[in-house]
file entry.pdb (PDB, C-alpha atoms)
MODEL        1
ATOM      1  CA  MET A   1       0.000   0.000   0.000
ATOM      2  CA  ALA A   2       2.862   2.372   0.806
ATOM      3  CA  VAL A   3       4.432   1.741  -2.607
ATOM      4  CA  GLU A   4       1.116   2.284  -4.360
ATOM      5  CA  SER A   5       0.623   5.532  -2.458
ATOM      6  CA  LEU A   6       4.080   6.780  -3.435
ATOM      7  CA  VAL A   7       3.459   5.887  -7.078
ATOM      8  CA  ALA A   8       0.094   7.679  -7.036
ATOM      9  CA  ASP A   9       1.675  10.787  -5.479
ATOM     10  CA  LEU A  10       4.423  10.725  -8.106
ATOM     11  CA  ILE A  11       1.879  10.457 -10.918
ATOM     12  CA  HIS A  12      -0.079  13.421  -9.563
ATOM     13  CA  LYS A  13       3.087  15.515  -9.244
ATOM     14  CA  VAL A  14       3.988  14.765 -12.866
ATOM     15  CA  LEU A  15       0.442  15.598 -14.015
ATOM     16  CA  ASN A  16       0.490  18.863 -12.040
ATOM     17  CA  LEU A  17       3.646  19.854 -13.923
ATOM     18  CA  VAL A  18       2.609  18.670 -17.375
ATOM     19  CA  VAL A  19      -1.160  19.125 -17.713
ATOM     20  CA  PRO A  20      -1.538  22.926 -17.084
ATOM     21  CA  PRO A  21       1.041  24.144 -19.657
ATOM     22  CA  LEU A  22      -0.027  21.454 -22.122
ATOM     23  CA  SER A  23      -3.682  22.495 -21.749
ATOM     24  CA  ILE A  24      -2.865  26.163 -22.288
ATOM     25  CA  ALA A  25      -0.770  25.390 -25.370
ATOM     26  CA  THR A  26      -3.539  23.187 -26.774
ATOM     27  CA  LEU A  27      -6.149  25.886 -26.151
ATOM     28  CA  LEU A  28      -4.041  28.528 -27.881
ATOM     29  CA  PHE A  29      -3.650  26.221 -30.859
ATOM     30  CA  LEU A  30      -7.278  25.108 -31.108
ATOM     31  CA  LEU A  31      -9.110  28.272 -30.041
ATOM     32  CA  PRO A  32      -8.895  30.250 -33.351
ATOM     33  CA  PRO A  33     -10.253  27.456 -35.598
ATOM     34  CA  TYR A  34     -12.796  26.507 -32.927
ATOM     35  CA  LEU A  35     -14.150  30.063 -32.685
ATOM     36  CA  PHE A  36     -14.261  30.335 -36.482
ATOM     37  CA  PHE A  37     -16.196  27.068 -36.701
ATOM     38  CA  LYS A  38     -18.611  28.168 -33.969
ATOM     39  CA  SER A  39     -19.238  31.502 -35.695
ATOM     40  CA  LEU A  40     -19.854  29.807 -39.031
ATOM     41  CA  LEU A  41     -22.187  27.257 -37.441
ATOM     42  CA  SER A  42     -24.091  30.008 -35.631
ATOM     43  CA  LEU A  43     -24.565  31.876 -38.926
ATOM     44  CA  ILE A  44     -25.874  28.747 -40.654
ATOM     45  CA  ASN A  45     -28.217  27.939 -37.765
ATOM     46  CA  SER A  46     -29.502  31.531 -37.775
ATOM     47  CA  ILE A  47     -30.469  31.174 -41.423
ATOM     48  CA  PHE A  48     -32.088  27.770 -40.918
ATOM     49  CA  SER A  49     -33.452  28.286 -37.388
ATOM     50  CA  GLU A  50     -36.286  26.186 -36.003
ATOM     51  CA  ASN A  51     -39.882  27.124 -36.753
ATOM     52  CA  VAL A  52     -41.893  26.672 -33.540
ATOM     53  CA  ALA A  53     -45.325  27.412 -35.053
ATOM     54  CA  GLY A  54     -47.762  24.710 -33.971
ATOM     55  CA  LYS A  55     -45.360  23.168 -31.479
ATOM     56  CA  VAL A  56     -46.066  23.045 -27.767
ATOM     57  CA  VAL A  57     -43.896  24.852 -25.243
ATOM     58  CA  LEU A  58     -44.154  24.497 -21.463
ATOM     59  CA  ILE A  59     -42.821  27.354 -19.347
ATOM     60  CA  THR A  60     -42.490  27.393 -15.569
ATOM     61  CA  GLY A  61     -42.250  30.706 -13.748
ATOM     62  CA  ALA A  62     -44.464  32.139 -16.491
ATOM     63  CA  SER A  63     -46.273  34.710 -14.332
ATOM     64  CA  SER A  64     -43.521  37.347 -14.486
ATOM     65  CA  GLY A  65     -40.026  38.241 -15.626
ATOM     66  CA  ILE A  66     -38.222  36.177 -18.249
ATOM     67  CA  GLY A  67     -40.796  33.383 -18.134
ATOM     68  CA  GLU A  68     -43.656  35.775 -18.912
ATOM     69  CA  HIS A  69     -41.890  37.358 -21.860
ATOM     70  CA  LEU A  70     -40.694  34.015 -23.225
ATOM     71  CA  ALA A  71     -44.387  33.122 -23.375
ATOM     72  CA  TYR A  72     -45.075  36.263 -25.415
ATOM     73  CA  VAL A  73     -42.229  35.587 -27.853
ATOM     74  CA  TYR A  74     -43.248  31.963 -28.404
ATOM     75  CA  ALA A  75     -46.897  33.025 -28.732
ATOM     76  CA  SER A  76     -46.011  35.579 -31.407
ATOM     77  CA  ARG A  77     -44.345  32.744 -33.324
ATOM     78  CA  GLY A  78     -47.452  30.573 -33.227
ATOM     79  CA  ALA A  79     -46.490  28.077 -30.524
ATOM     80  CA  CYS A  80     -49.016  26.421 -28.193
ATOM     81  CA  LEU A  81     -48.297  27.138 -24.530
ATOM     82  CA  ALA A  82     -48.610  25.468 -21.149
ATOM     83  CA  LEU A  83     -47.941  28.096 -18.485
ATOM     84  CA  VAL A  84     -47.045  27.140 -14.911
ATOM     85  CA  ALA A  85     -46.559  29.371 -11.847
ATOM     86  CA  ARG A  86     -47.865  29.913  -8.317
ATOM     87  CA  ARG A  87     -49.953  33.022  -9.053
ATOM     88  CA  GLU A  88     -52.937  31.890 -11.121
ATOM     89  CA  SER A  89     -54.405  35.365 -11.573
ATOM     90  CA  ARG A  90     -51.179  36.576 -13.191
ATOM     91  CA  LEU A  91     -51.035  33.440 -15.335
ATOM     92  CA  VAL A  92     -54.509  34.207 -16.690
ATOM     93  CA  GLU A  93     -53.382  37.700 -17.659
ATOM     94  CA  VAL A  94     -50.293  36.293 -19.397
ATOM     95  CA  ALA A  95     -52.406  33.664 -21.175
ATOM     96  CA  ASN A  96     -54.887  36.269 -22.454
ATOM     97  CA  ARG A  97     -52.089  38.353 -23.903
ATOM     98  CA  ALA A  98     -50.484  35.240 -25.412
ATOM     99  CA  TYR A  99     -53.768  34.474 -27.191
ATOM    100  CA  TRP A 100     -53.846  38.019 -28.497
ATOM    101  CA  LEU A 101     -50.258  37.709 -29.751
ATOM    102  CA  GLY A 102     -51.078  34.625 -31.809
ATOM    103  CA  SER A 103     -50.809  31.454 -29.730
ATOM    104  CA  PRO A 104     -53.445  28.968 -30.965
ATOM    105  CA  ASP A 105     -53.838  27.228 -27.592
ATOM    106  CA  VAL A 106     -52.810  28.210 -24.059
ATOM    107  CA  ILE A 107     -53.444  26.458 -20.749
ATOM    108  CA  VAL A 108     -52.593  27.771 -17.283
ATOM    109  CA  ILE A 109     -51.662  25.559 -14.340
ATOM    110  CA  ARG A 110     -51.158  26.818 -10.802
ATOM    111  CA  ALA A 111     -48.262  24.858  -9.312
ATOM    112  CA  ASP A 112     -45.052  25.149  -7.319
ATOM    113  CA  VAL A 113     -42.109  23.442  -9.045
ATOM    114  CA  SER A 114     -40.395  22.940  -5.696
ATOM    115  CA  LYS A 115     -43.145  20.473  -4.699
ATOM    116  CA  VAL A 116     -43.003  17.001  -6.229
ATOM    117  CA  ASP A 117     -46.775  16.512  -6.005
ATOM    118  CA  ASP A 118     -47.372  19.752  -7.896
ATOM    119  CA  CYS A 119     -44.898  18.709 -10.598
ATOM    120  CA  LYS A 120     -46.701  15.394 -11.076
ATOM    121  CA  ARG A 121     -50.046  17.186 -11.147
ATOM    122  CA  PHE A 122     -49.142  19.739 -13.812
ATOM    123  CA  VAL A 123     -47.607  16.959 -15.882
ATOM    124  CA  ASP A 124     -50.879  15.005 -15.636
ATOM    125  CA  GLU A 125     -52.932  18.076 -16.528
ATOM    126  CA  THR A 126     -50.771  18.856 -19.531
ATOM    127  CA  VAL A 127     -50.907  15.230 -20.646
ATOM    128  CA  SER A 128     -54.691  15.389 -20.421
ATOM    129  CA  HIS A 129     -54.777  18.517 -22.595
ATOM    130  CA  PHE A 130     -52.001  17.942 -25.137
ATOM    131  CA  GLY A 131     -51.503  14.183 -25.067
ATOM    132  CA  ARG A 132     -47.910  13.658 -23.876
ATOM    133  CA  PRO A 133     -45.788  14.357 -20.777
ATOM    134  CA  TYR A 134     -43.229  17.110 -20.703
ATOM    135  CA  SER A 135     -41.324  17.257 -17.478
ATOM    136  CA  SER A 136     -37.623  16.667 -18.092
ATOM    137  CA  TYR A 137     -37.819  14.009 -15.403
ATOM    138  CA  PHE A 138     -40.723  12.152 -17.018
ATOM    139  CA  ALA A 139     -40.260  12.986 -20.688
ATOM    140  CA  ILE A 140     -36.717  11.920 -21.577
ATOM    141  CA  PRO A 141     -37.925   8.933 -23.676
ATOM    142  CA  HIS A 142     -40.339  11.183 -25.592
ATOM    143  CA  LEU A 143     -37.712  13.882 -26.022
ATOM    144  CA  ARG A 144     -35.291  11.298 -27.397
ATOM    145  CA  GLN A 145     -37.891   9.895 -29.757
ATOM    146  CA  SER A 146     -38.847  13.281 -31.161
ATOM    147  CA  GLY A 147     -35.421  14.945 -31.141
ATOM    148  CA  GLY A 148     -36.692  17.453 -28.599
ATOM    149  CA  ARG A 149     -35.093  20.485 -27.038
ATOM    150  CA  ILE A 150     -34.780  21.714 -23.464
ATOM    151  CA  VAL A 151     -34.054  25.340 -22.625
ATOM    152  CA  ALA A 152     -32.897  25.817 -19.027
ATOM    153  CA  ILE A 153     -32.751  29.312 -17.553
ATOM    154  CA  ALA A 154     -29.962  29.526 -14.981
ATOM    155  CA  SER A 155     -28.015  32.718 -14.215
ATOM    156  CA  ALA A 156     -24.600  34.312 -14.604
ATOM    157  CA  ALA A 157     -24.597  34.158 -10.796
ATOM    158  CA  SER A 158     -23.758  30.468 -11.244
ATOM    159  CA  TRP A 159     -20.133  31.522 -11.807
ATOM    160  CA  LEU A 160     -20.145  35.166 -10.713
ATOM    161  CA  PRO A 161     -19.482  35.553  -6.952
ATOM    162  CA  VAL A 162     -22.006  38.289  -6.163
ATOM    163  CA  PRO A 163     -22.260  39.343  -2.488
ATOM    164  CA  ARG A 164     -25.460  38.365  -0.631
ATOM    165  CA  LEU A 165     -26.476  35.920  -3.357
ATOM    166  CA  SER A 166     -24.798  32.826  -1.986
ATOM    167  CA  PHE A 167     -27.884  30.589  -1.860
ATOM    168  CA  TYR A 168     -29.212  31.917  -5.158
ATOM    169  CA  SER A 169     -25.823  31.425  -6.849
ATOM    170  CA  ALA A 170     -25.542  27.902  -5.461
ATOM    171  CA  SER A 171     -28.980  26.986  -6.826
ATOM    172  CA  LYS A 172     -28.129  28.350 -10.275
ATOM    173  CA  ALA A 173     -24.756  26.563 -10.311
ATOM    174  CA  ALA A 174     -26.695  23.382  -9.557
ATOM    175  CA  VAL A 175     -29.014  24.058 -12.505
ATOM    176  CA  VAL A 176     -26.037  24.479 -14.857
ATOM    177  CA  ALA A 177     -24.300  21.352 -13.545
ATOM    178  CA  PHE A 178     -27.511  19.323 -13.776
ATOM    179  CA  TYR A 179     -28.185  20.193 -17.410
ATOM    180  CA  GLU A 180     -24.542  19.893 -18.460
ATOM    181  CA  THR A 181     -24.503  16.396 -16.992
ATOM    182  CA  LEU A 182     -27.855  15.574 -18.579
ATOM    183  CA  ARG A 183     -26.551  16.785 -21.956
ATOM    184  CA  THR A 184     -23.505  14.546 -21.601
ATOM    185  CA  GLU A 185     -25.749  11.584 -20.775
ATOM    186  CA  LEU A 186     -28.215  12.202 -23.611
ATOM    187  CA  GLY A 187     -25.676  13.140 -26.281
ATOM    188  CA  SER A 188     -27.183  14.392 -29.534
ATOM    189  CA  ASP A 189     -30.568  12.749 -28.893
ATOM    190  CA  VAL A 190     -31.893  15.802 -27.047
ATOM    191  CA  SER A 191     -30.687  19.365 -27.617
ATOM    192  CA  ILE A 192     -30.172  21.369 -24.409
ATOM    193  CA  THR A 193     -29.650  25.133 -24.327
ATOM    194  CA  ILE A 194     -28.367  26.515 -21.014
ATOM    195  CA  VAL A 195     -29.101  30.226 -20.620
ATOM    196  CA  THR A 196     -27.131  32.323 -18.123
ATOM    197  CA  PRO A 197     -28.702  35.795 -17.999
ATOM    198  CA  GLY A 198     -27.190  38.746 -16.218
ATOM    199  CA  LEU A 199     -29.419  41.241 -14.434
ATOM    200  CA  ILE A 200     -32.710  41.215 -16.346
ATOM    201  CA  GLU A 201     -35.658  43.535 -15.810
ATOM    202  CA  SER A 202     -38.036  41.762 -13.414
ATOM    203  CA  GLU A 203     -40.157  42.230 -10.326
ATOM    204  CA  MET A 204     -36.983  41.960  -8.225
ATOM    205  CA  THR A 205     -35.365  44.897 -10.032
ATOM    206  CA  GLN A 206     -38.558  46.872  -9.335
ATOM    207  CA  GLY A 207     -38.294  46.096  -5.622
ATOM    208  CA  LYS A 208     -41.008  43.419  -5.509
ATOM    209  CA  PHE A 209     -40.288  40.244  -3.530
ATOM    210  CA  LEU A 210     -42.285  37.304  -2.235
ATOM    211  CA  SER A 211     -42.345  37.132   1.556
ATOM    212  CA  GLU A 212     -42.142  33.875   3.479
ATOM    213  CA  ASP A 213     -45.958  33.893   3.546
ATOM    214  CA  GLY A 214     -46.119  34.094  -0.240
ATOM    215  CA  VAL A 215     -47.261  37.733  -0.205
ATOM    216  CA  MET A 216     -45.817  40.178  -2.742
ATOM    217  CA  ILE A 217     -44.101  43.030  -0.929
ATOM    218  CA  LEU A 218     -42.325  46.201  -2.075
ATOM    219  CA  ASP A 219     -38.809  46.580  -0.640
ATOM    220  CA  PRO A 220     -36.734  49.302  -2.387
ATOM    221  CA  GLU A 221     -33.867  48.837   0.087
ATOM    222  CA  LEU A 222     -33.481  45.147  -0.715
ATOM    223  CA  ARG A 223     -33.739  46.002  -4.406
ATOM    224  CA  ASP A 224     -30.831  48.422  -4.064
ATOM    225  CA  VAL A 225     -28.796  45.699  -2.353
ATOM    226  CA  GLU A 226     -29.399  43.130  -5.074
ATOM    227  CA  VAL A 227     -29.312  45.431  -8.108
ATOM    228  CA  SER A 228     -26.472  47.709  -6.962
ATOM    229  CA  LEU A 229     -24.445  49.122  -9.893
ATOM    230  CA  MET A 230     -25.259  46.441 -12.464
ATOM    231  CA  PRO A 231     -27.021  47.694 -15.622
ATOM    232  CA  ILE A 232     -30.442  46.140 -16.160
ATOM    233  CA  ARG A 233     -31.277  44.422 -19.462
ATOM    234  CA  SER A 234     -34.739  44.807 -20.996
ATOM    235  CA  VAL A 235     -36.705  41.601 -20.416
ATOM    236  CA  LYS A 236     -38.369  41.881 -23.844
ATOM    237  CA  VAL A 237     -35.002  41.999 -25.608
ATOM    238  CA  ALA A 238     -33.653  39.200 -23.430
ATOM    239  CA  ALA A 239     -36.631  36.928 -24.151
ATOM    240  CA  GLU A 240     -36.282  37.476 -27.904
ATOM    241  CA  LYS A 241     -32.565  36.667 -27.743
ATOM    242  CA  ILE A 242     -33.213  33.511 -25.717
ATOM    243  CA  VAL A 243     -35.812  32.184 -28.155
ATOM    244  CA  ASN A 244     -33.536  32.972 -31.102
ATOM    245  CA  GLY A 245     -30.670  31.134 -29.434
ATOM    246  CA  ALA A 246     -32.862  28.136 -28.673
ATOM    247  CA  CYS A 247     -34.112  27.999 -32.264
ATOM    248  CA  ARG A 248     -30.487  28.106 -33.482
ATOM    249  CA  GLY A 249     -29.693  25.193 -31.194
ATOM    250  CA  ASP A 250     -27.068  27.031 -29.121
ATOM    251  CA  GLY A 251     -25.548  24.958 -26.327
ATOM    252  CA  TYR A 252     -24.931  28.033 -24.159
ATOM    253  CA  LEU A 253     -26.349  31.524 -24.257
ATOM    254  CA  SER A 254     -25.465  34.510 -22.071
ATOM    255  CA  GLU A 255     -27.673  37.584 -22.177
ATOM    256  CA  PRO A 256     -26.476  40.295 -22.405
ATOM    257  CA  GLY A 257     -23.488  38.873 -24.256
ATOM    258  CA  TRP A 258     -20.873  40.938 -22.428
ATOM    259  CA  ILE A 259     -21.625  39.193 -19.126
ATOM    260  CA  LYS A 260     -19.818  36.103 -20.444
ATOM    261  CA  ALA A 261     -16.522  37.986 -20.233
ATOM    262  CA  SER A 262     -16.714  37.607 -16.458
ATOM    263  CA  MET A 263     -16.285  33.864 -16.985
ATOM    264  CA  TYR A 264     -12.776  34.447 -18.357
ATOM    265  CA  TRP A 265     -11.895  36.460 -15.258
ATOM    266  CA  LYS A 266     -13.349  33.682 -13.130
ATOM    267  CA  VAL A 267     -11.110  31.096 -14.830
ATOM    268  CA  PHE A 268      -7.858  33.039 -15.042
ATOM    269  CA  CYS A 269      -8.035  35.671 -12.270
ATOM    270  CA  PRO A 270     -10.655  34.587  -9.697
ATOM    271  CA  GLU A 271      -9.144  36.658  -6.876
ATOM    272  CA  ILE A 272      -9.415  39.876  -8.891
ATOM    273  CA  LEU A 273     -13.035  39.109  -9.782
ATOM    274  CA  GLU A 274     -13.953  38.462  -6.145
ATOM    275  CA  TRP A 275     -12.187  41.632  -4.985
ATOM    276  CA  SER A 276     -13.852  43.823  -7.622
ATOM    277  CA  ASN A 277     -17.290  42.394  -6.908
ATOM    278  CA  ARG A 278     -16.864  43.018  -3.210
ATOM    279  CA  LEU A 279     -15.692  46.562  -3.864
ATOM    280  CA  LEU A 280     -18.423  47.442  -6.379
ATOM    281  CA  LEU A 281     -21.416  45.402  -5.234
ATOM    282  CA  LEU A 282     -21.226  45.092  -1.463
ATOM    283  CA  SER A 283     -23.538  47.743  -0.116
ATOM    284  CA  ARG A 284     -22.546  49.571   3.061
ATOM    285  CA  SER A 285     -26.095  50.565   3.849
ATOM    286  CA  THR A 286     -27.519  47.210   4.898
ATOM    287  CA  GLU A 287     -26.630  45.684   8.212
ATOM    288  CA  ASP A 288     -29.640  43.383   8.628
ATOM    289  CA  PRO A 289     -28.275  39.811   8.515
ATOM    290  CA  GLU A 290     -31.540  38.609   7.003
ATOM    291  CA  ARG A 291     -30.671  40.625   3.922
ATOM    292  CA  ASN A 292     -27.290  39.012   3.451
ATOM    293  CA  ALA A 293     -28.519  36.163   1.278
ATOM    294  CA  ILE A 294     -31.345  35.239  -1.018
ATOM    295  CA  MET A 295     -33.077  32.296   0.671
ATOM    296  CA  ASP A 296     -35.653  31.517  -1.968
ATOM    297  CA  VAL A 297     -33.852  28.747  -3.876
ATOM    298  CA  GLU A 298     -35.752  27.609  -6.918
ATOM    299  CA  VAL A 299     -35.495  27.155 -10.648
ATOM    300  CA  ASP A 300     -37.040  30.273 -12.157
ATOM    301  CA  VAL A 301     -37.742  29.118 -15.644
ATOM    302  CA  VAL A 302     -37.215  25.927 -17.546
ATOM    303  CA  VAL A 303     -38.580  25.575 -21.037
ATOM    304  CA  ALA A 304     -38.649  22.467 -23.164
ATOM    305  CA  VAL A 305     -39.714  22.257 -26.780
ATOM    306  CA  LEU A 306     -40.462  19.043 -28.620
ATOM    307  CA  CYS A 307     -39.669  19.207 -32.278
ATOM    308  CA  CYS A 308     -42.459  17.299 -34.051
ATOM    309  CA  GLY A 309     -46.097  18.189 -34.271
ATOM    310  CA  LEU A 310     -48.999  19.420 -32.204
ATOM    311  CA  SER A 311     -49.253  16.347 -29.995
ATOM    312  CA  ASN A 312     -45.740  16.840 -28.607
ATOM    313  CA  VAL A 313     -45.175  19.112 -25.673
ATOM    314  CA  GLY A 314     -42.447  20.781 -23.676
ATOM    315  CA  SER A 315     -40.702  19.599 -20.522
ATOM    316  CA  VAL A 316     -40.018  20.949 -17.069
ATOM    317  CA  ALA A 317     -37.132  19.617 -15.021
ATOM    318  CA  VAL A 318     -37.658  18.762 -11.377
ATOM    319  CA  LEU A 319     -34.424  19.458  -9.476
TER
ENDMDL
END

call {"tool": "encode", "arguments": {"input": "entry.pdb", "output": "structure tokens"}}
result
Amino acid sequence: MAVESLVADLIHKVLNLVVPPLSIATLLFLLPPYLFFKSLLSLINSIFSENVAGKVVLITGASSGIGEHLAYVYASRGACLALVARRESRLVEVANRAYWLGSPDVIVIRADVSKVDDCKRFVDETVSHFGRPYSSYFAIPHLRQSGGRIVAIASAASWLPVPRLSFYSASKAAVVAFYETLRTELGSDVSITIVTPGLIESEMTQGKFLSEDGVMILDPELRDVEVSLMPIRSVKVAAEKIVNGACRGDGYLSEPGWIKASMYWKVFCPEILEWSNRLLLLSRSTEDPERNAIMDVEVDVVVAVLCCGLSNVGSVAVL
């Protein structure tokens, strides 16, 4: 055992010396042709992007924010919609506007994606209406059969160390890791687009938050803590970009695009990124410890689109 341990330590020491410089050299060699190929492929996919008219899309978190405006974009392109959220009255408003924008069929389902029973129920209700299941958990065989697509909305906070967003960031990192692993397992059978938005116009940026009792409250001070100096992206523009990226079949999409640059800092200079975020984003005005983290950990929006016909529907992942 001692000999084996020494050999293993020696191997790791050799790998620590060889792998980093070899990886950097390989990246420098492969990066230019890789980026050229990706740009060319993106151009081709933009020209021959997917037509979602008549297809069924399921959206969770559809009562506000990105989820609401994704519903409007898909509706304007003729997709059928299944809208899921906790606030049924808001869902009805979103559904009415989606009808007006051109969706041929919209159903609303009041449910909480953090509850397993609710997830099973909205799957059953959607099956009853459209004919097939769509949760990522239940629908993998159908997604494989139809060459379906899943669009998972995570956040740039999954890699960006933003103060007071520790729980939120951890939940979004879990979303990214889950769908990256799922994509590796499924291969080319099911297309998965992982979206990592920056700060997008939403109820949170307006100072609206759900209390522990599920009541919508207005808290400008907490808004200032979370929003800080970051510029806010229009949710309408963001939703349009997300749908375009999904129709192109992008594996990853950051919106706005410049937020992805922070990933390079995270990889190569993590200490500088952490220091700058602390300097720029850590508010001095809030001393309440309850405001030092976002405790509501949930998947905001997950969209899945099946790629053949009216009887096929979207999918929602249960994490």

call {"tool": "axis_aligned_box", "arguments": {"input": "entry.pdb", "around": "range 239-250 of chain A", "padding_each_side": "3 Å", "output": "AutoDock Vina command-line options"}}
result
--center_x -31.8 --center_y 31.3 --center_z -28.8 --size_x 15.6 --size_y 18.3 --size_z 15.3

call {"tool": "closest_residue", "arguments": {"input": "entry.pdb", "among": "A:Arg121, A:Arg248, A:His129, A:Arg86", "to": "Ile107 in chain A", "atoms": "all atoms listed in the file"}}
result
A:His129

call {"tool": "residues_around", "arguments": {"input": "entry.pdb", "residues": "Ile109 in chain A", "least_positions_apart": "5", "cutoff": "7 Å", "atoms": "all atoms listed in the file", "output": "CSV table (one decimal) with C-alpha atoms, keeping the file's coordinate frame"}}
result
chain,number,residue,atom,x,y,z
A,83,LEU,CA,-47.9,28.1,-18.5
A,84,VAL,CA,-47.0,27.1,-14.9
A,85,ALA,CA,-46.6,29.4,-11.8
A,122,PHE,CA,-49.1,19.7,-13.8

call {"tool": "resolve_selection", "arguments": {"input": "entry.pdb", "expression": "the PyMOL selection byres ((chain A and resi 252) around 9)", "output": "PyMOL selection string"}}
result
chain A and resi 192-196+245+249-251+253-254

call {"tool": "atom_distance", "arguments": {"input": "entry.pdb", "atom1": "CA of Ser155 in chain A", "atom2": "CA of Lys172 in chain A"}}
result
5.9 Å

call {"tool": "closest_residue", "arguments": {"input": "entry.pdb", "among": "A:Val190, A:Leu199, A:Ala111, A:Leu91", "to": "Ile232 in chain A", "atoms": "all atoms listed in the file"}}
result
A:Leu199

call {"tool": "resolve_selection", "arguments": {"input": "entry.pdb", "expression": "the PyMOL selection byres ((chain A and resi 156) around 9)", "output": "list in words"}}
result
Ala154, Ser155, Ala157, Ser158, Trp159, Leu160, Ser169, Lys172, Ala173, Val195, Thr196, Pro197, Gly198, Leu199, Ser254, Glu255, Ile259, Lys260, Ser262 and Met263 of chain A

call {"tool": "closest_residue", "arguments": {"input": "entry.pdb", "among": "A:Thr26, A:Ser103, A:Asn96, A:Ser202", "to": "Leu81 in chain A", "atoms": "all atoms listed in the file"}}
result
A:Ser103

call {"tool": "atom_distance", "arguments": {"input": "entry.pdb", "atom1": "CA of Asn45 in chain A", "atom2": "CA of Gly148 in chain A"}}
result
16.3 Å

call {"tool": "resolve_selection", "arguments": {"input": "entry.pdb", "expression": "the PyMOL selection byres ((chain A and resi 240) around 12)", "output": "JSON, numbers by chain"}}
result
{"A": [66, 67, 68, 69, 70, 71, 72, 73, 74, 75, 76, 77, 234, 235, 236, 237, 238, 239, 241, 242, 243, 244, 245, 246, 247, 255, 256]}

call {"tool": "residues_near_point", "arguments": {"input": "entry.pdb", "point": "(-50.9, 23.6, -26.6)", "cutoff": "8 Å", "atoms": "all atoms listed in the file", "output": "number ranges by chain"}}
result
A: 55-57, 79-82, 104-107, 129-130, 310, 313

call {"tool": "atom_distance", "arguments": {"input": "entry.pdb", "atom1": "CA of Pro32 in chain A", "atom2": "CA of Trp258 in chain A"}}
result
19.4 Å

call {"tool": "closest_residue", "arguments": {"input": "entry.pdb", "among": "A:Arg183, A:Gly65, A:Ala170, A:Gly257", "to": "Val151 in chain A", "atoms": "only C-alpha atoms"}}
result
A:Arg183

call {"tool": "decode", "arguments": {"input": "entry.pdb", "residues": "range 113-117 of chain A", "atoms": "all heavy atoms", "output": "PDB file, in the first residue's frame"}}
result
ATOM      1  N   VAL A 113     -43.048  24.443  -8.528  1.00  0.00           N
ATOM      2  CA  VAL A 113     -42.109  23.442  -9.045  1.00  0.00           C
ATOM      3  C   VAL A 113     -41.191  22.881  -7.973  1.00  0.00           C
ATOM      4  O   VAL A 113     -40.479  21.907  -8.207  1.00  0.00           O
ATOM      5  CB  VAL A 113     -41.253  24.025 -10.199  1.00  0.00           C
ATOM      6  CG1 VAL A 113     -42.115  24.394 -11.376  1.00  0.00           C
ATOM      7  CG2 VAL A 113     -40.427  25.217  -9.718  1.00  0.00           C
ATOM      8  N   SER A 114     -41.206  23.488  -6.778  1.00  0.00           N
ATOM      9  CA  SER A 114     -40.395  22.940  -5.696  1.00  0.00           C
ATOM     10  C   SER A 114     -41.100  21.792  -4.973  1.00  0.00           C
ATOM     11  O   SER A 114     -40.499  21.144  -4.103  1.00  0.00           O
ATOM     12  CB  SER A 114     -40.035  24.040  -4.689  1.00  0.00           C
ATOM     13  OG  SER A 114     -41.188  24.506  -4.008  1.00  0.00           O
ATOM     14  N   LYS A 115     -42.367  21.542  -5.318  1.00  0.00           N
ATOM     15  CA  LYS A 115     -43.145  20.473  -4.699  1.00  0.00           C
ATOM     16  C   LYS A 115     -43.348  19.342  -5.701  1.00  0.00           C
ATOM     17  O   LYS A 115     -43.906  19.562  -6.779  1.00  0.00           O
ATOM     18  CB  LYS A 115     -44.494  20.998  -4.219  1.00  0.00           C
ATOM     19  CG  LYS A 115     -44.380  22.095  -3.159  1.00  0.00           C
ATOM     20  CD  LYS A 115     -45.742  22.614  -2.744  1.00  0.00           C
ATOM     21  CE  LYS A 115     -45.608  23.708  -1.693  1.00  0.00           C
ATOM     22  NZ  LYS A 115     -46.927  24.257  -1.297  1.00  0.00           N
ATOM     23  N   VAL A 116     -42.932  18.147  -5.319  1.00  0.00           N
ATOM     24  CA  VAL A 116     -43.003  17.001  -6.229  1.00  0.00           C
ATOM     25  C   VAL A 116     -44.439  16.716  -6.641  1.00  0.00           C
ATOM     26  O   VAL A 116     -44.722  16.446  -7.811  1.00  0.00           O
ATOM     27  CB  VAL A 116     -42.376  15.753  -5.571  1.00  0.00           C
ATOM     28  CG1 VAL A 116     -42.563  14.526  -6.459  1.00  0.00           C
ATOM     29  CG2 VAL A 116     -40.894  15.981  -5.295  1.00  0.00           C
ATOM     30  N   ASP A 117     -45.372  16.791  -5.687  1.00  0.00           N
ATOM     31  CA  ASP A 117     -46.775  16.512  -6.005  1.00  0.00           C
ATOM     32  C   ASP A 117     -47.315  17.489  -7.041  1.00  0.00           C
ATOM     33  O   ASP A 117     -48.073  17.095  -7.945  1.00  0.00           O
ATOM     34  CB  ASP A 117     -47.622  16.575  -4.732  1.00  0.00           C
ATOM     35  CG  ASP A 117     -47.348  15.425  -3.783  1.00  0.00           C
ATOM     36  OD1 ASP A 117     -46.775  14.413  -4.249  1.00  0.00           O
ATOM     37  OD2 ASP A 117     -47.675  15.541  -2.583  1.00  0.00           O
TER      38      ASP A 117
END
